[in-house]
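To start, the structure itself, in structure tokens.
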Amino acid sequence: MSAVILALAAGAVIGVALGALGGGGSVLAVPALIYLLGFSPVAATTASLVIVTLTSGTALVAHARDGNVRWRTGLLFSAAGIGPAMLGGALLARIPAAVLTAAFAVVAGVAALRMLRSRPAAEGAVTVRPGRVAAAGGGLGAVTGVLGVGGGFLAVPALVSVLGLRMGNAVGTSLLVITVNSLAALATRAGTVEGLDWAVVGPFVGAAILGAWDGKRLAAKVSGHTLQRIFALLLLAVAAFMLIDAVL
């Protein structure tokens, strides 16, 4: 199977994840780029940030039109995460690949278990505590910079469990956080973007963007609790795979 066909298939799946779940795209993108398309870890994490930035930005527009984005909360998250994301990106080259993979797996697994234990908040007013938002946003930014992911797989559970947003609002708001954090992380990797194989990355991005629109429609039809469980189980599967790979 050609690299372009694999890129189209992987991109479509990742786009649906981002559009429907507000995260998980780069969790899938990094292993897909490495194990299916033969990218090096550095190139894969950079390409993943490009893919997720463009895809989440597109999905954000659709969710914003439906009123699912809490802009104040999202911008506080994003502002707190920009500095840590850039610092993490600068430190990336100093961390061994196996350590990065294991850390990625542990963080994803913890987030998944937290999502499985919690339930979406009931509808109503949400009290935004700037201190908690800033602390969570800074942590997400650091994860984005170090692990080369958008951070949505942590942003969604943080928005649901820590701040009490409903799943629909958490999905939309996380896309804002993903877009800003990914752009900040990419700013520290400008030298590696030019060397990407755009003949593969281009179709990957196109399929992901189209998939994000389908994912957004899926989110409107499926209950928040169901989406939350799907998201958590997806994270557990990816975490187990990457932890085994790091150990072996």
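Identifiers for the structure tokens are assigned positionally: chains receive A, B, ... in sequence, residues are indexed from 1 per chain, and ligands are indexed from 1 in the order shown.
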Selection: 8 Å around A:Val50, only C-alpha atoms, excl. self and same-chain fewer than 3 positions, as a PyMOL selection string: chain A and resi 46-47+53-54+182+186
Residues of stretch 53-230 of chain A in helix (DSSP H, G or I) according to DSSP, as a compact mmCIF listing (two decimals) with N, CA and C atoms, in the first residue's frame?
# COMPACT_ATOMS: atom_id res chain seq x y z
N THR A 53 -2.37 21.26 14.15
CA THR A 53 -2.66 22.69 14.14
C THR A 53 -3.69 23.04 13.08
N LEU A 54 -3.47 22.56 11.86
CA LEU A 54 -4.38 22.88 10.76
C LEU A 54 -5.75 22.22 10.95
N THR A 55 -5.75 20.98 11.42
CA THR A 55 -7.01 20.26 11.58
C THR A 55 -7.83 20.82 12.73
N SER A 56 -7.18 21.08 13.86
CA SER A 56 -7.92 21.59 15.01
C SER A 56 -8.42 23.01 14.74
N GLY A 57 -7.65 23.79 14.00
CA GLY A 57 -8.11 25.12 13.64
C GLY A 57 -9.37 25.08 12.80
N THR A 58 -9.42 24.13 11.87
CA THR A 58 -10.62 23.96 11.03
C THR A 58 -11.81 23.50 11.87
N ALA A 59 -11.58 22.52 12.74
CA ALA A 59 -12.66 22.01 13.58
C ALA A 59 -13.14 23.08 14.56
N LEU A 60 -12.23 23.94 15.01
CA LEU A 60 -12.59 25.01 15.94
C LEU A 60 -13.63 25.94 15.34
N VAL A 61 -13.50 26.25 14.06
CA VAL A 61 -14.47 27.14 13.39
C VAL A 61 -15.87 26.55 13.47
N ALA A 62 -15.98 25.26 13.19
CA ALA A 62 -17.30 24.61 13.21
C ALA A 62 -17.90 24.59 14.61
N HIS A 63 -17.09 24.28 15.62
CA HIS A 63 -17.59 24.23 17.00
C HIS A 63 -17.94 25.63 17.50
N ALA A 64 -17.17 26.64 17.08
CA ALA A 64 -17.46 28.01 17.51
C ALA A 64 -18.79 28.48 16.95
N ARG A 65 -19.11 28.09 15.73
CA ARG A 65 -20.39 28.48 15.13
C ARG A 65 -21.56 27.93 15.92
N TRP A 71 -14.55 30.81 25.22
CA TRP A 71 -13.37 31.57 24.79
C TRP A 71 -12.51 32.03 25.95
N ARG A 72 -13.12 32.53 27.02
CA ARG A 72 -12.33 33.03 28.15
C ARG A 72 -11.50 31.91 28.76
N THR A 73 -12.15 30.78 29.00
CA THR A 73 -11.43 29.64 29.58
C THR A 73 -10.33 29.17 28.64
N GLY A 74 -10.66 29.03 27.35
CA GLY A 74 -9.69 28.55 26.38
C GLY A 74 -8.50 29.47 26.22
N LEU A 75 -8.74 30.78 26.22
CA LEU A 75 -7.64 31.73 26.07
C LEU A 75 -6.75 31.76 27.31
N LEU A 76 -7.35 31.58 28.50
CA LEU A 76 -6.53 31.49 29.71
C LEU A 76 -5.65 30.24 29.67
N PHE A 77 -6.24 29.12 29.28
CA PHE A 77 -5.46 27.89 29.11
C PHE A 77 -4.31 28.12 28.14
N SER A 78 -4.65 28.72 26.99
CA SER A 78 -3.65 28.91 25.94
C SER A 78 -2.54 29.83 26.37
N ALA A 79 -2.90 30.96 26.99
CA ALA A 79 -1.88 31.93 27.42
C ALA A 79 -0.92 31.30 28.43
N ALA A 80 -1.46 30.49 29.33
CA ALA A 80 -0.61 29.85 30.34
C ALA A 80 0.30 28.80 29.73
N GLY A 81 -0.10 28.23 28.59
CA GLY A 81 0.66 27.13 28.01
C GLY A 81 1.71 27.53 26.99
N ILE A 82 1.68 28.78 26.49
CA ILE A 82 2.59 29.18 25.41
C ILE A 82 4.05 29.08 25.84
N GLY A 83 4.39 29.67 26.98
CA GLY A 83 5.77 29.63 27.46
C GLY A 83 6.27 28.22 27.71
N PRO A 84 5.54 27.40 28.49
CA PRO A 84 5.97 26.02 28.70
C PRO A 84 6.08 25.21 27.41
N ALA A 85 5.19 25.47 26.44
CA ALA A 85 5.25 24.74 25.17
C ALA A 85 6.54 25.06 24.43
N MET A 86 6.92 26.32 24.41
CA MET A 86 8.15 26.71 23.72
C MET A 86 9.38 26.18 24.45
N LEU A 87 9.36 26.23 25.79
CA LEU A 87 10.48 25.72 26.57
C LEU A 87 10.61 24.21 26.38
N GLY A 88 9.48 23.50 26.41
CA GLY A 88 9.51 22.05 26.21
C GLY A 88 10.05 21.69 24.85
N GLY A 89 9.66 22.45 23.81
CA GLY A 89 10.17 22.19 22.48
C GLY A 89 11.67 22.38 22.39
N ALA A 90 12.20 23.36 23.11
CA ALA A 90 13.63 23.62 23.10
C ALA A 90 14.41 22.51 23.80
N LEU A 91 13.78 21.87 24.80
CA LEU A 91 14.45 20.82 25.57
C LEU A 91 14.31 19.44 24.94
N LEU A 92 13.47 19.32 23.91
CA LEU A 92 13.14 18.02 23.34
C LEU A 92 14.36 17.22 22.91
N ALA A 93 15.31 17.87 22.25
CA ALA A 93 16.46 17.17 21.69
C ALA A 93 17.34 16.54 22.77
N ARG A 94 17.19 16.96 24.02
CA ARG A 94 18.03 16.44 25.10
C ARG A 94 17.45 15.20 25.76
N ALA A 97 14.72 9.06 23.15
CA ALA A 97 13.47 8.68 22.51
C ALA A 97 12.65 7.71 23.36
N ALA A 98 13.32 6.72 23.99
CA ALA A 98 12.60 5.74 24.79
C ALA A 98 11.93 6.38 26.00
N VAL A 99 12.61 7.37 26.59
CA VAL A 99 12.04 8.08 27.73
C VAL A 99 10.82 8.87 27.30
N LEU A 100 10.91 9.53 26.14
CA LEU A 100 9.77 10.28 25.63
C LEU A 100 8.57 9.38 25.38
N THR A 101 8.83 8.22 24.77
CA THR A 101 7.74 7.30 24.47
C THR A 101 7.08 6.79 25.74
N ALA A 102 7.89 6.43 26.73
CA ALA A 102 7.34 5.93 27.98
C ALA A 102 6.55 7.03 28.71
N ALA A 103 7.09 8.25 28.72
CA ALA A 103 6.39 9.36 29.37
C ALA A 103 5.07 9.65 28.68
N PHE A 104 5.08 9.61 27.36
CA PHE A 104 3.87 9.81 26.57
C PHE A 104 2.80 8.78 26.96
N ALA A 105 3.22 7.52 27.05
CA ALA A 105 2.29 6.44 27.37
C ALA A 105 1.71 6.60 28.77
N VAL A 106 2.53 6.97 29.73
CA VAL A 106 2.06 7.13 31.11
C VAL A 106 1.06 8.28 31.22
N VAL A 107 1.39 9.41 30.61
CA VAL A 107 0.50 10.57 30.67
C VAL A 107 -0.85 10.26 30.01
N ALA A 108 -0.80 9.60 28.85
CA ALA A 108 -2.05 9.25 28.16
C ALA A 108 -2.88 8.28 28.98
N GLY A 109 -2.22 7.30 29.62
CA GLY A 109 -2.95 6.33 30.43
C GLY A 109 -3.61 6.96 31.64
N VAL A 110 -2.90 7.87 32.31
CA VAL A 110 -3.48 8.56 33.47
C VAL A 110 -4.69 9.38 33.07
N ALA A 111 -4.56 10.09 31.95
CA ALA A 111 -5.69 10.90 31.47
C ALA A 111 -6.89 10.03 31.14
N ALA A 112 -6.64 8.87 30.52
CA ALA A 112 -7.73 7.97 30.15
C ALA A 112 -8.45 7.43 31.38
N LEU A 113 -7.70 7.02 32.40
CA LEU A 113 -8.31 6.50 33.62
C LEU A 113 -9.14 7.56 34.32
N ARG A 114 -8.65 8.79 34.31
CA ARG A 114 -9.41 9.88 34.94
C ARG A 114 -10.72 10.11 34.21
N MET A 115 -10.68 10.03 32.88
CA MET A 115 -11.89 10.21 32.10
C MET A 115 -12.90 9.09 32.36
N LEU A 116 -12.42 7.87 32.53
CA LEU A 116 -13.31 6.75 32.78
C LEU A 116 -14.00 6.86 34.14
N ARG A 117 -13.31 7.48 35.10
CA ARG A 117 -13.88 7.60 36.45
C ARG A 117 -14.85 8.76 36.57
N PRO A 130 -9.39 31.39 37.60
CA PRO A 130 -8.20 31.69 36.81
C PRO A 130 -6.96 30.94 37.27
N GLY A 131 -6.78 30.78 38.60
CA GLY A 131 -5.61 30.09 39.09
C GLY A 131 -5.55 28.65 38.64
N ARG A 132 -6.67 27.95 38.72
CA ARG A 132 -6.71 26.54 38.30
C ARG A 132 -6.54 26.42 36.79
N VAL A 133 -7.14 27.36 36.07
CA VAL A 133 -7.01 27.34 34.61
C VAL A 133 -5.55 27.55 34.21
N ALA A 134 -4.89 28.51 34.86
CA ALA A 134 -3.50 28.81 34.52
C ALA A 134 -2.58 27.63 34.83
N ALA A 135 -2.80 26.97 35.99
CA ALA A 135 -1.96 25.84 36.37
C ALA A 135 -2.13 24.68 35.38
N ALA A 136 -3.38 24.37 35.06
CA ALA A 136 -3.64 23.28 34.12
C ALA A 136 -3.11 23.63 32.74
N GLY A 137 -3.31 24.89 32.30
CA GLY A 137 -2.84 25.31 30.99
C GLY A 137 -1.34 25.25 30.87
N GLY A 138 -0.62 25.63 31.92
CA GLY A 138 0.83 25.54 31.89
C GLY A 138 1.32 24.12 31.76
N GLY A 139 0.68 23.22 32.49
CA GLY A 139 1.05 21.80 32.38
C GLY A 139 0.80 21.24 30.99
N LEU A 140 -0.33 21.62 30.40
CA LEU A 140 -0.65 21.16 29.05
C LEU A 140 0.35 21.70 28.04
N GLY A 141 0.75 22.96 28.20
CA GLY A 141 1.72 23.54 27.29
C GLY A 141 3.05 22.80 27.34
N ALA A 142 3.49 22.44 28.54
CA ALA A 142 4.74 21.71 28.69
C ALA A 142 4.67 20.35 28.00
N VAL A 143 3.54 19.67 28.16
CA VAL A 143 3.36 18.37 27.51
C VAL A 143 3.41 18.52 25.99
N THR A 144 2.77 19.58 25.48
CA THR A 144 2.78 19.83 24.04
C THR A 144 4.19 20.02 23.52
N GLY A 145 4.97 20.83 24.22
CA GLY A 145 6.32 21.11 23.76
C GLY A 145 7.24 19.92 23.83
N VAL A 146 7.15 19.14 24.90
CA VAL A 146 8.06 18.02 25.10
C VAL A 146 7.67 16.82 24.25
N LEU A 147 6.39 16.47 24.25
CA LEU A 147 5.95 15.26 23.57
C LEU A 147 5.51 15.48 22.13
N GLY A 152 -4.73 17.93 23.49
CA GLY A 152 -6.17 17.77 23.65
C GLY A 152 -6.55 16.57 24.49
N PHE A 153 -5.72 15.52 24.47
CA PHE A 153 -6.05 14.33 25.26
C PHE A 153 -5.92 14.60 26.75
N LEU A 154 -5.27 15.71 27.11
CA LEU A 154 -5.26 16.15 28.51
C LEU A 154 -6.19 17.33 28.72
N ALA A 155 -6.36 18.16 27.69
CA ALA A 155 -7.22 19.34 27.84
C ALA A 155 -8.67 18.95 28.09
N VAL A 156 -9.17 17.95 27.37
CA VAL A 156 -10.57 17.55 27.53
C VAL A 156 -10.86 17.07 28.95
N PRO A 157 -10.09 16.10 29.50
CA PRO A 157 -10.37 15.71 30.89
C PRO A 157 -10.18 16.83 31.89
N ALA A 158 -9.21 17.74 31.65
CA ALA A 158 -9.01 18.86 32.57
C ALA A 158 -10.21 19.79 32.53
N LEU A 159 -10.72 20.08 31.34
CA LEU A 159 -11.86 20.97 31.21
C LEU A 159 -13.12 20.36 31.81
N VAL A 160 -13.26 19.02 31.69
CA VAL A 160 -14.43 18.34 32.23
C VAL A 160 -14.32 18.15 33.73
N SER A 161 -13.19 17.58 34.18
CA SER A 161 -13.06 17.18 35.57
C SER A 161 -12.64 18.31 36.50
N VAL A 162 -11.73 19.16 36.05
CA VAL A 162 -11.21 20.23 36.91
C VAL A 162 -12.11 21.45 36.89
N MET A 167 -19.22 18.05 28.24
CA MET A 167 -18.35 17.45 27.25
C MET A 167 -18.35 18.23 25.95
N GLY A 168 -19.53 18.67 25.50
CA GLY A 168 -19.60 19.41 24.25
C GLY A 168 -18.77 20.68 24.28
N ASN A 169 -18.85 21.43 25.40
CA ASN A 169 -18.06 22.65 25.54
C ASN A 169 -16.58 22.34 25.72
N ALA A 170 -16.27 21.25 26.41
CA ALA A 170 -14.88 20.86 26.60
C ALA A 170 -14.22 20.52 25.26
N VAL A 171 -14.97 19.82 24.39
CA VAL A 171 -14.45 19.46 23.07
C VAL A 171 -14.13 20.71 22.27
N GLY A 172 -15.09 21.64 22.19
CA GLY A 172 -14.88 22.85 21.41
C GLY A 172 -13.76 23.71 21.97
N THR A 173 -13.72 23.88 23.29
CA THR A 173 -12.71 24.73 23.92
C THR A 173 -11.32 24.12 23.80
N SER A 174 -11.24 22.79 23.88
CA SER A 174 -9.93 22.15 23.77
C SER A 174 -9.31 22.39 22.40
N LEU A 175 -10.12 22.54 21.37
CA LEU A 175 -9.59 22.79 20.03
C LEU A 175 -8.87 24.13 19.96
N LEU A 176 -9.37 25.12 20.70
CA LEU A 176 -8.67 26.41 20.78
C LEU A 176 -7.32 26.24 21.46
N VAL A 177 -7.31 25.49 22.56
CA VAL A 177 -6.07 25.25 23.30
C VAL A 177 -5.07 24.50 22.43
N ILE A 178 -5.53 23.48 21.72
CA ILE A 178 -4.66 22.69 20.85
C ILE A 178 -4.01 23.56 19.79
N THR A 179 -4.82 24.39 19.15
CA THR A 179 -4.30 25.22 18.06
C THR A 179 -3.21 26.16 18.54
N VAL A 180 -3.46 26.86 19.64
CA VAL A 180 -2.48 27.83 20.15
C VAL A 180 -1.22 27.13 20.65
N ASN A 181 -1.38 26.06 21.43
CA ASN A 181 -0.21 25.35 21.96
C ASN A 181 0.64 24.75 20.85
N SER A 182 -0.01 24.20 19.83
CA SER A 182 0.74 23.59 18.74
C SER A 182 1.52 24.63 17.95
N LEU A 183 0.92 25.80 17.74
CA LEU A 183 1.63 26.88 17.05
C LEU A 183 2.85 27.32 17.86
N ALA A 184 2.69 27.41 19.17
CA ALA A 184 3.81 27.82 20.02
C ALA A 184 4.94 26.79 19.96
N ALA A 185 4.57 25.51 20.00
CA ALA A 185 5.59 24.45 19.93
C ALA A 185 6.28 24.45 18.57
N LEU A 186 5.52 24.70 17.49
CA LEU A 186 6.10 24.73 16.16
C LEU A 186 7.10 25.87 16.00
N ALA A 187 6.90 26.95 16.74
CA ALA A 187 7.80 28.09 16.65
C ALA A 187 9.23 27.71 17.03
N ALA A 190 11.10 25.46 13.77
CA ALA A 190 11.05 25.99 12.41
C ALA A 190 12.07 25.31 11.50
N GLY A 191 13.22 24.96 12.04
CA GLY A 191 14.25 24.34 11.22
C GLY A 191 13.92 22.95 10.73
N THR A 192 13.01 22.25 11.41
CA THR A 192 12.67 20.88 11.02
C THR A 192 11.46 20.81 10.10
N VAL A 193 10.69 21.90 10.00
CA VAL A 193 9.49 21.89 9.16
C VAL A 193 9.85 21.78 7.68
N TRP A 198 6.43 16.62 2.25
CA TRP A 198 5.11 17.23 2.07
C TRP A 198 4.24 16.43 1.11
N ALA A 199 4.82 15.54 0.33
CA ALA A 199 4.02 14.68 -0.54
C ALA A 199 3.18 13.72 0.28
N VAL A 200 3.60 13.45 1.51
CA VAL A 200 2.85 12.61 2.45
C VAL A 200 2.06 13.47 3.44
N VAL A 201 2.70 14.50 3.96
CA VAL A 201 2.05 15.35 4.96
C VAL A 201 0.84 16.07 4.37
N GLY A 202 0.93 16.51 3.11
CA GLY A 202 -0.16 17.23 2.48
C GLY A 202 -1.46 16.43 2.42
N PRO A 203 -1.43 15.22 1.82
CA PRO A 203 -2.65 14.38 1.83
C PRO A 203 -3.13 14.03 3.24
N PHE A 204 -2.20 13.84 4.16
CA PHE A 204 -2.54 13.55 5.56
C PHE A 204 -3.38 14.69 6.13
N VAL A 205 -2.91 15.93 5.92
CA VAL A 205 -3.62 17.11 6.42
C VAL A 205 -4.99 17.23 5.76
N GLY A 206 -5.06 17.05 4.44
CA GLY A 206 -6.33 17.17 3.73
C GLY A 206 -7.37 16.19 4.24
N ALA A 207 -6.96 14.92 4.42
CA ALA A 207 -7.89 13.90 4.92
C ALA A 207 -8.30 14.19 6.35
N ALA A 208 -7.38 14.70 7.15
CA ALA A 208 -7.69 15.01 8.54
C ALA A 208 -8.71 16.14 8.64
N ILE A 209 -8.56 17.15 7.80
CA ILE A 209 -9.50 18.28 7.82
C ILE A 209 -10.91 17.82 7.43
N LEU A 210 -11.00 17.01 6.39
CA LEU A 210 -12.31 16.48 5.99
C LEU A 210 -12.89 15.59 7.08
N GLY A 211 -12.04 14.78 7.71
CA GLY A 211 -12.50 13.91 8.78
C GLY A 211 -12.99 14.69 9.99
N ALA A 212 -12.38 15.85 10.24
CA ALA A 212 -12.79 16.67 11.38
C ALA A 212 -14.23 17.15 11.23
N TRP A 213 -14.65 17.47 10.02
CA TRP A 213 -16.03 17.89 9.80
C TRP A 213 -17.00 16.74 10.09
N ASP A 214 -16.61 15.52 9.65
CA ASP A 214 -17.45 14.36 9.96
C ASP A 214 -17.49 14.10 11.45
N GLY A 215 -16.35 14.27 12.11
CA GLY A 215 -16.30 14.07 13.56
C GLY A 215 -17.17 15.05 14.31
N LYS A 216 -17.20 16.29 13.82
CA LYS A 216 -18.04 17.30 14.46
C LYS A 216 -19.51 16.92 14.35
N ARG A 217 -19.94 16.40 13.20
CA ARG A 217 -21.32 15.95 13.04
C ARG A 217 -21.61 14.76 13.94
N LEU A 218 -20.63 13.88 14.10
CA LEU A 218 -20.79 12.73 14.99
C LEU A 218 -21.00 13.19 16.43
N ALA A 219 -20.25 14.22 16.84
CA ALA A 219 -20.36 14.73 18.21
C ALA A 219 -21.76 15.26 18.50
N ALA A 220 -22.45 15.74 17.47
CA ALA A 220 -23.80 16.28 17.67
C ALA A 220 -24.84 15.18 17.83
N LYS A 221 -24.47 13.95 17.46
CA LYS A 221 -25.44 12.86 17.49
C LYS A 221 -25.22 11.88 18.63
N GLY A 224 -22.54 12.87 25.37
CA GLY A 224 -21.25 13.23 25.93
C GLY A 224 -20.60 12.09 26.68
N HIS A 225 -21.39 11.32 27.43
CA HIS A 225 -20.82 10.21 28.21
C HIS A 225 -20.24 9.14 27.28
N THR A 226 -20.93 8.86 26.19
CA THR A 226 -20.42 7.88 25.22
C THR A 226 -19.12 8.36 24.59
N LEU A 227 -19.08 9.63 24.19
CA LEU A 227 -17.86 10.18 23.62
C LEU A 227 -16.71 10.11 24.62
N GLN A 228 -17.01 10.39 25.87
CA GLN A 228 -15.99 10.37 26.91
C GLN A 228 -15.39 8.98 27.06
N ARG A 229 -16.23 7.95 27.04
CA ARG A 229 -15.74 6.58 27.18
C ARG A 229 -14.95 6.15 25.95
N ILE A 230 -15.42 6.53 24.76
CA ILE A 230 -14.68 6.20 23.54
C ILE A 230 -13.29 6.82 23.59
Close residues, A:Ala3 itself excluded, 9 Å, only C-alpha atoms, min 4 positions apart in chain, as JSON, numbers by chain: {"A": [7, 8, 36, 37, 200]}
Selection to disk with N, CA and C atoms, as a CSV table (one decimal), in the first residue's frame:
chain,number,residue,atom,x,y,z
A,7,ALA,N,-1.4,7.6,4.3
A,7,ALA,CA,-1.6,8.9,4.9
A,7,ALA,C,-3.0,9.4,4.8
A,8,LEU,N,-3.7,9.1,3.7
A,8,LEU,CA,-5.1,9.5,3.6
A,8,LEU,C,-6.0,8.8,4.7
A,36,LEU,N,3.7,3.6,10.3
A,36,LEU,CA,3.1,3.3,9.0
A,36,LEU,C,3.8,4.0,7.9
A,37,LEU,N,4.4,5.2,8.2
A,37,LEU,CA,4.9,6.0,7.1
A,37,LEU,C,6.4,6.2,7.2
A,200,VAL,N,3.6,13.4,1.5
A,200,VAL,CA,2.8,12.6,2.4
A,200,VAL,C,2.1,13.5,3.4
From A:Ala29, A:Ala239, A:Val52, A:Leu163, residue lying nearest A:Ala9 [only C-alpha atoms]: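 When distances to A:Ala9 are compared using only C-alpha atoms, the smallest one comes from A:Ala29.
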